[in-house]
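Participant: Sending over a structure as structure tokens; questions will come in a sec.
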Amino acid sequence: MICFTPFFLPLALVMRCTGEGKIFYRQQRVGLEGKNFGLLKFATMLEDSPNMAGGDITAGNDSRVLPLGHFLRKTKINELPQLWNIFIGDISLVGPRPLTPRNFAFYSDEIQNVLHEIIPGLTGIGSIVFRDEESIIAVSPKPTIDCYKEDIVPYKGELERWYSKHRGIGVDLKLIFLTAWAISFPRSRLVHRFFPSLPPNPSA
């Protein structure tokens, strides 16, 4: 966090002077054992966006995203304040991405139980495989929520089940590398070469 401070300060100033003038956004997410906590992010969307069309699901062309927000979300810079969540023990560096209560409810009871047993992470297998989730939703002919529930949730759930069975320091180190790789090369399929045992995408 100390290392990133010189970068955070000018960014915070730009955010203060643009959009809605907000710097940080704290959103309730489901954590270990089903306990909710406040996940910290840079504010990239309109403050009232959860109550607007789309709810907690964001599409690539989402009009709720602020001008600077597109860049922050594409580069994942908006996630860096979550280093604080790691510091205080809400999340780990690697694990299933914590979901909002509304999105968590879309998963089956079985997958919810799997997620309850693992501390969430800043990055994880689901985040890497679905690096372009917003683009998938944007081009889908289905309504935003239907695309998320029918095309994304089933496969993401299987990915998190896979992680729960294979997690360990070796897997986590590979996922950290693959996260950086996916940000630089979002269309890369390298993750499937690293982990050939990943469950197949049922909608592919």
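Going by the structure tokens order, chains are called A, B, ..., each with residues numbered from 1, while ligands are numbered from 1 in the order shown.
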Taking the chain letters and numbering used in this document, name the residues of range 45-186 of chain A that DSSP puts in alpha helix (DSSP H), as an NGL selection string.

Facilitator: :A and (67-75 or 83-87 or 101-104 or 109-116 or 125-129 or 133-139 or 144-147 or 153-166 or 169-184)

Participant: Considering only C-alpha atoms, tabulate each residue of range 43-94 of chain A that lies at most 8 Å from range 117-138 of chain A along with its nearest interatomic pair and the corresponding distance in Å to one decimal; arrange the rows by chain and ascending residue number and present them as a Markdown table.

Facilitator:
```
| residue | atom | partner | partner_atom | distance |
| --- | --- | --- | --- | --- |
| A:Thr58 | CA | A:Glu134 | CA | 6.0 |
| A:Ala59 | CA | A:Glu134 | CA | 4.3 |
| A:Gly60 | CA | A:Glu134 | CA | 4.5 |
| A:Asn61 | CA | A:Ala138 | CA | 6.3 |
| A:Glu79 | CA | A:Leu122 | CA | 7.6 |
| A:Gln82 | CA | A:Leu122 | CA | 7.0 |
| A:Ile86 | CA | A:Leu122 | CA | 8.0 |
| A:Asp90 | CA | A:Pro120 | CA | 7.7 |
| A:Ile91 | CA | A:Pro120 | CA | 5.0 |
| A:Ser92 | CA | A:Gly121 | CA | 4.5 |
| A:Leu93 | CA | A:Leu122 | CA | 5.0 |
| A:Val94 | CA | A:Gly121 | CA | 4.3 |
```

Participant: Run DSSP on the backbone of this structure and report the residues of range 92-176 of chain A it assigns to strand (DSSP E), as an mmCIF file with N, CA and C atoms, in the first residue's frame.

Facilitator:
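So the final result, stored in out37.cif, reads:
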```cif
data_model
loop_
_atom_site.group_PDB
_atom_site.id
_atom_site.type_symbol
_atom_site.label_atom_id
_atom_site.label_comp_id
_atom_site.auth_asym_id
_atom_site.auth_seq_id
_atom_site.Cartn_x
_atom_site.Cartn_y
_atom_site.Cartn_z
ATOM 1 N N SER A 92 -8.204 -12.562 0.667
ATOM 2 C CA SER A 92 -6.829 -12.972 0.452
ATOM 3 C C SER A 92 -6.375 -12.451 -0.910
ATOM 4 N N LEU A 93 -5.135 -12.718 -1.274
ATOM 5 C CA LEU A 93 -4.654 -12.303 -2.588
ATOM 6 C C LEU A 93 -5.309 -13.133 -3.682
ATOM 7 N N VAL A 94 -5.488 -14.429 -3.417
ATOM 8 C CA VAL A 94 -6.090 -15.336 -4.393
ATOM 9 C C VAL A 94 -7.250 -16.076 -3.746
ATOM 10 N N GLY A 121 -10.873 -13.680 -2.743
ATOM 11 C CA GLY A 121 -9.575 -13.190 -3.158
ATOM 12 C C GLY A 121 -9.650 -11.948 -4.038
ATOM 13 N N LEU A 122 -8.525 -11.278 -4.129
ATOM 14 C CA LEU A 122 -8.392 -10.143 -5.046
ATOM 15 C C LEU A 122 -8.478 -10.621 -6.481
ATOM 16 N N THR A 123 -7.953 -11.813 -6.721
ATOM 17 C CA THR A 123 -8.069 -12.444 -8.035
ATOM 18 C C THR A 123 -8.333 -13.918 -7.841
#
```

Participant: Select from range 64-121 of chain A every residue with an atom at most 9 Å from any atom of range 23-30 of chain A, then for each give the shortest pair of atoms and their distance in Å to one decimal, using only C-alpha atoms, rows by chain and rising number, as JSON lines.

Facilitator:
```
{"residue": "A:Pro81", "atom": "CA", "partner": "A:Phe24", "partner_atom": "CA", "distance": 8.2}
{"residue": "A:Pro98", "atom": "CA", "partner": "A:Arg29", "partner_atom": "CA", "distance": 5.7}
{"residue": "A:Leu99", "atom": "CA", "partner": "A:Arg29", "partner_atom": "CA", "distance": 5.2}
{"residue": "A:Thr100", "atom": "CA", "partner": "A:Arg29", "partner_atom": "CA", "distance": 4.4}
{"residue": "A:Pro101", "atom": "CA", "partner": "A:Val30", "partner_atom": "CA", "distance": 6.1}
{"residue": "A:Phe104", "atom": "CA", "partner": "A:Val30", "partner_atom": "CA", "distance": 7.4}
{"residue": "A:Leu115", "atom": "CA", "partner": "A:Val30", "partner_atom": "CA", "distance": 9.0}
{"residue": "A:His116", "atom": "CA", "partner": "A:Val30", "partner_atom": "CA", "distance": 8.4}
{"residue": "A:Pro120", "atom": "CA", "partner": "A:Val30", "partner_atom": "CA", "distance": 8.5}
```

Participant: Those same residues - N, CA and C atoms - I'd like them written as a short mmCIF file (atom, residue, chain, number, x, y, z; two decimals), in the first residue's frame.

Facilitator:
```cif
data_model
loop_
_atom_site.label_atom_id
_atom_site.label_comp_id
_atom_site.auth_asym_id
_atom_site.auth_seq_id
_atom_site.Cartn_x
_atom_site.Cartn_y
_atom_site.Cartn_z
N PRO A 81 -7.54 -0.58 -4.30
CA PRO A 81 -7.84 -0.26 -2.90
C PRO A 81 -8.17 -1.50 -2.05
N PRO A 98 -15.30 -12.15 -4.31
CA PRO A 98 -16.50 -12.00 -3.47
C PRO A 98 -17.64 -11.38 -4.26
N LEU A 99 -18.82 -11.92 -4.07
CA LEU A 99 -20.01 -11.49 -4.80
C LEU A 99 -20.90 -10.60 -3.94
N THR A 100 -21.68 -9.77 -4.60
CA THR A 100 -22.70 -9.02 -3.88
C THR A 100 -23.77 -10.02 -3.44
N PRO A 101 -24.52 -9.72 -2.36
CA PRO A 101 -25.56 -10.65 -1.93
C PRO A 101 -26.55 -11.00 -3.03
N PHE A 104 -24.77 -13.38 -5.41
CA PHE A 104 -24.49 -14.63 -4.70
C PHE A 104 -25.72 -15.53 -4.71
N LEU A 115 -18.32 -21.70 -1.65
CA LEU A 115 -17.81 -20.35 -1.48
C LEU A 115 -17.72 -19.94 -0.01
N HIS A 116 -18.63 -20.46 0.81
CA HIS A 116 -18.61 -20.14 2.24
C HIS A 116 -17.34 -20.65 2.92
N PRO A 120 -12.47 -15.19 0.22
CA PRO A 120 -12.45 -14.61 -1.14
C PRO A 120 -11.07 -14.03 -1.47
#
```

Participant: Have a look at CA of Trp84 in chain A and CA of Ile2 in chain A and let me know their distance in Å, one decimal.

Facilitator: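 Between CA of Trp84 in chain A and CA of Ile2 in chain A the gap works out to 11.0 Å.
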
Participant: So which residues touch Asn113 in chain A within 10 Å, counting only C-alpha atoms, skipping near sequence neighbours fewer than 4 positions away, as a list in words?

Facilitator: Glu33, Gly34, Tyr107, Ser108, Asp109, Glu117, Ile118 and Arg161 of chain A

Participant: Would you mind listing what lies within 8 Å of range 41-52 of chain A as a compact mmCIF listing (two decimals) with N, CA and C atoms, in the first residue's frame, with only C-alpha atoms counted and same-chain residues fewer than 2 positions away left out?

Facilitator:
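For reference, result16.txt as written:
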```txt
# COMPACT_ATOMS: atom_id res chain seq x y z
N GLU A 20 -18.59 12.10 -10.37
CA GLU A 20 -19.42 12.59 -9.27
C GLU A 20 -18.57 13.10 -8.12
N LYS A 22 -16.47 11.43 -6.38
CA LYS A 22 -16.20 10.38 -5.40
C LYS A 22 -14.86 9.71 -5.71
N ILE A 23 -14.14 9.32 -4.67
CA ILE A 23 -12.86 8.62 -4.86
C ILE A 23 -13.02 7.13 -4.61
N PHE A 24 -13.63 6.79 -3.50
CA PHE A 24 -13.78 5.38 -3.14
C PHE A 24 -15.26 4.99 -3.10
N TYR A 25 -15.48 3.71 -3.28
CA TYR A 25 -16.82 3.15 -3.21
C TYR A 25 -16.74 1.85 -2.40
N ARG A 26 -17.56 1.74 -1.38
CA ARG A 26 -17.56 0.53 -0.55
C ARG A 26 -18.85 -0.24 -0.83
N LEU A 39 -16.36 -4.16 0.59
CA LEU A 39 -15.24 -4.25 -0.35
C LEU A 39 -14.95 -2.85 -0.89
N GLY A 54 -29.75 -3.04 -14.66
CA GLY A 54 -28.50 -3.80 -14.64
C GLY A 54 -28.13 -4.23 -13.24
N GLY A 55 -28.57 -3.45 -12.23
CA GLY A 55 -28.28 -3.80 -10.85
C GLY A 55 -26.80 -3.92 -10.57
N ASP A 56 -26.39 -5.07 -10.04
CA ASP A 56 -24.99 -5.30 -9.67
C ASP A 56 -24.16 -5.88 -10.81
N ARG A 64 -23.70 3.52 -17.02
CA ARG A 64 -23.50 3.94 -15.63
C ARG A 64 -22.03 4.14 -15.28
N VAL A 65 -21.14 3.62 -16.15
CA VAL A 65 -19.71 3.74 -15.89
C VAL A 65 -19.25 5.16 -16.19
N LEU A 66 -18.51 5.75 -15.26
CA LEU A 66 -18.00 7.10 -15.43
C LEU A 66 -16.87 7.12 -16.48
N LEU A 68 -13.69 8.13 -16.60
CA LEU A 68 -12.42 7.56 -16.15
C LEU A 68 -12.59 6.10 -15.73
N GLY A 69 -13.82 5.74 -15.39
CA GLY A 69 -14.09 4.39 -14.91
C GLY A 69 -13.78 3.31 -15.93
N HIS A 70 -13.99 3.60 -17.23
CA HIS A 70 -13.71 2.60 -18.26
C HIS A 70 -12.24 2.19 -18.23
N LEU A 72 -10.11 2.56 -15.66
CA LEU A 72 -9.79 1.92 -14.38
C LEU A 72 -10.28 0.48 -14.34
N ARG A 73 -11.43 0.21 -14.92
CA ARG A 73 -11.97 -1.15 -14.91
C ARG A 73 -11.22 -2.05 -15.88
N ILE A 77 -7.21 -1.29 -12.25
CA ILE A 77 -6.69 -0.37 -11.24
C ILE A 77 -7.76 -0.09 -10.18
N ASN A 78 -9.03 -0.15 -10.59
CA ASN A 78 -10.10 0.12 -9.63
C ASN A 78 -10.12 -0.86 -8.47
N GLU A 79 -9.45 -2.02 -8.63
CA GLU A 79 -9.44 -3.04 -7.59
C GLU A 79 -8.33 -2.83 -6.56
N LEU A 80 -7.37 -1.96 -6.85
CA LEU A 80 -6.19 -1.83 -5.98
C LEU A 80 -6.51 -1.40 -4.55
N PRO A 81 -7.54 -0.58 -4.30
CA PRO A 81 -7.84 -0.26 -2.90
C PRO A 81 -8.17 -1.50 -2.05
N GLN A 82 -8.44 -2.62 -2.71
CA GLN A 82 -8.74 -3.83 -1.96
C GLN A 82 -7.51 -4.40 -1.26
```

Participant: Just want the 12 Å neighbourhood of Ser188 in chain A, counted on only C-alpha atoms, with same-chain residues fewer than 3 positions away dropped. Output as a VMD selection string.

Facilitator: chain A and resid 128 to 132 178 to 185 191 to 194

Participant: Can I get the selected residues back with C-alpha atoms, as a PDB file, in the first residue's frame?

Facilitator:
```
ATOM      1  CA  ILE A 128      -9.165 -14.829 -15.112  1.00  0.00           C
ATOM      2  CA  VAL A 129     -11.369 -17.061 -17.265  1.00  0.00           C
ATOM      3  CA  PHE A 130     -14.054 -14.362 -17.315  1.00  0.00           C
ATOM      4  CA  ARG A 131     -11.611 -11.497 -17.818  1.00  0.00           C
ATOM      5  CA  ASP A 132     -13.945 -10.185 -20.555  1.00  0.00           C
ATOM      6  CA  LEU A 178      -2.032 -15.396 -15.074  1.00  0.00           C
ATOM      7  CA  THR A 179      -3.856 -12.367 -13.650  1.00  0.00           C
ATOM      8  CA  ALA A 180      -1.078 -10.051 -14.836  1.00  0.00           C
ATOM      9  CA  TRP A 181      -0.999 -11.896 -18.158  1.00  0.00           C
ATOM     10  CA  ALA A 182      -4.773 -11.601 -18.653  1.00  0.00           C
ATOM     11  CA  ILE A 183      -4.693  -7.850 -18.017  1.00  0.00           C
ATOM     12  CA  SER A 184      -1.992  -7.452 -20.677  1.00  0.00           C
ATOM     13  CA  PHE A 185      -3.470 -10.010 -23.099  1.00  0.00           C
ATOM     14  CA  VAL A 191      -4.998 -20.234 -18.408  1.00  0.00           C
ATOM     15  CA  HIS A 192      -6.271 -23.417 -20.075  1.00  0.00           C
ATOM     16  CA  ARG A 193      -2.706 -24.455 -20.915  1.00  0.00           C
ATOM     17  CA  PHE A 194      -1.642 -23.953 -17.296  1.00  0.00           C
TER      18      PHE A 194
END
```

Participant: Report the distance between CA of Pro6 in chain A and CA of Lys74 in chain A in Å, rounded to one decimal place.

Facilitator: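 Taking CA of Pro6 in chain A and CA of Lys74 in chain A, their separation equals 20.9 Å.
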
Participant: For Leu83 in chain A, which residue among A:Phe4, A:Tyr155, A:Phe106, A:Phe71 is the nearest when counting only C-alpha atoms?

Facilitator: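 Nearest candidate to Leu83 in chain A out of A:Phe4, A:Tyr155, A:Phe106, A:Phe71: A:Phe4.
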
Participant: Please compute the CA of Phe7 in chain A-CA of Gly21 in chain A distance, one decimal, in Å.

Facilitator: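 Taking CA of Phe7 in chain A as the start and CA of Gly21 in chain A as the end point, the length is 18.1 Å.
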
Participant: Using only C-alpha atoms, which of A:Phe177, A:Tyr148, A:Phe87, A:Phe37 sits nearest Met1 in chain A?

Facilitator: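 Using only C-alpha atoms, Met1 in chain A sits closest to A:Phe87.
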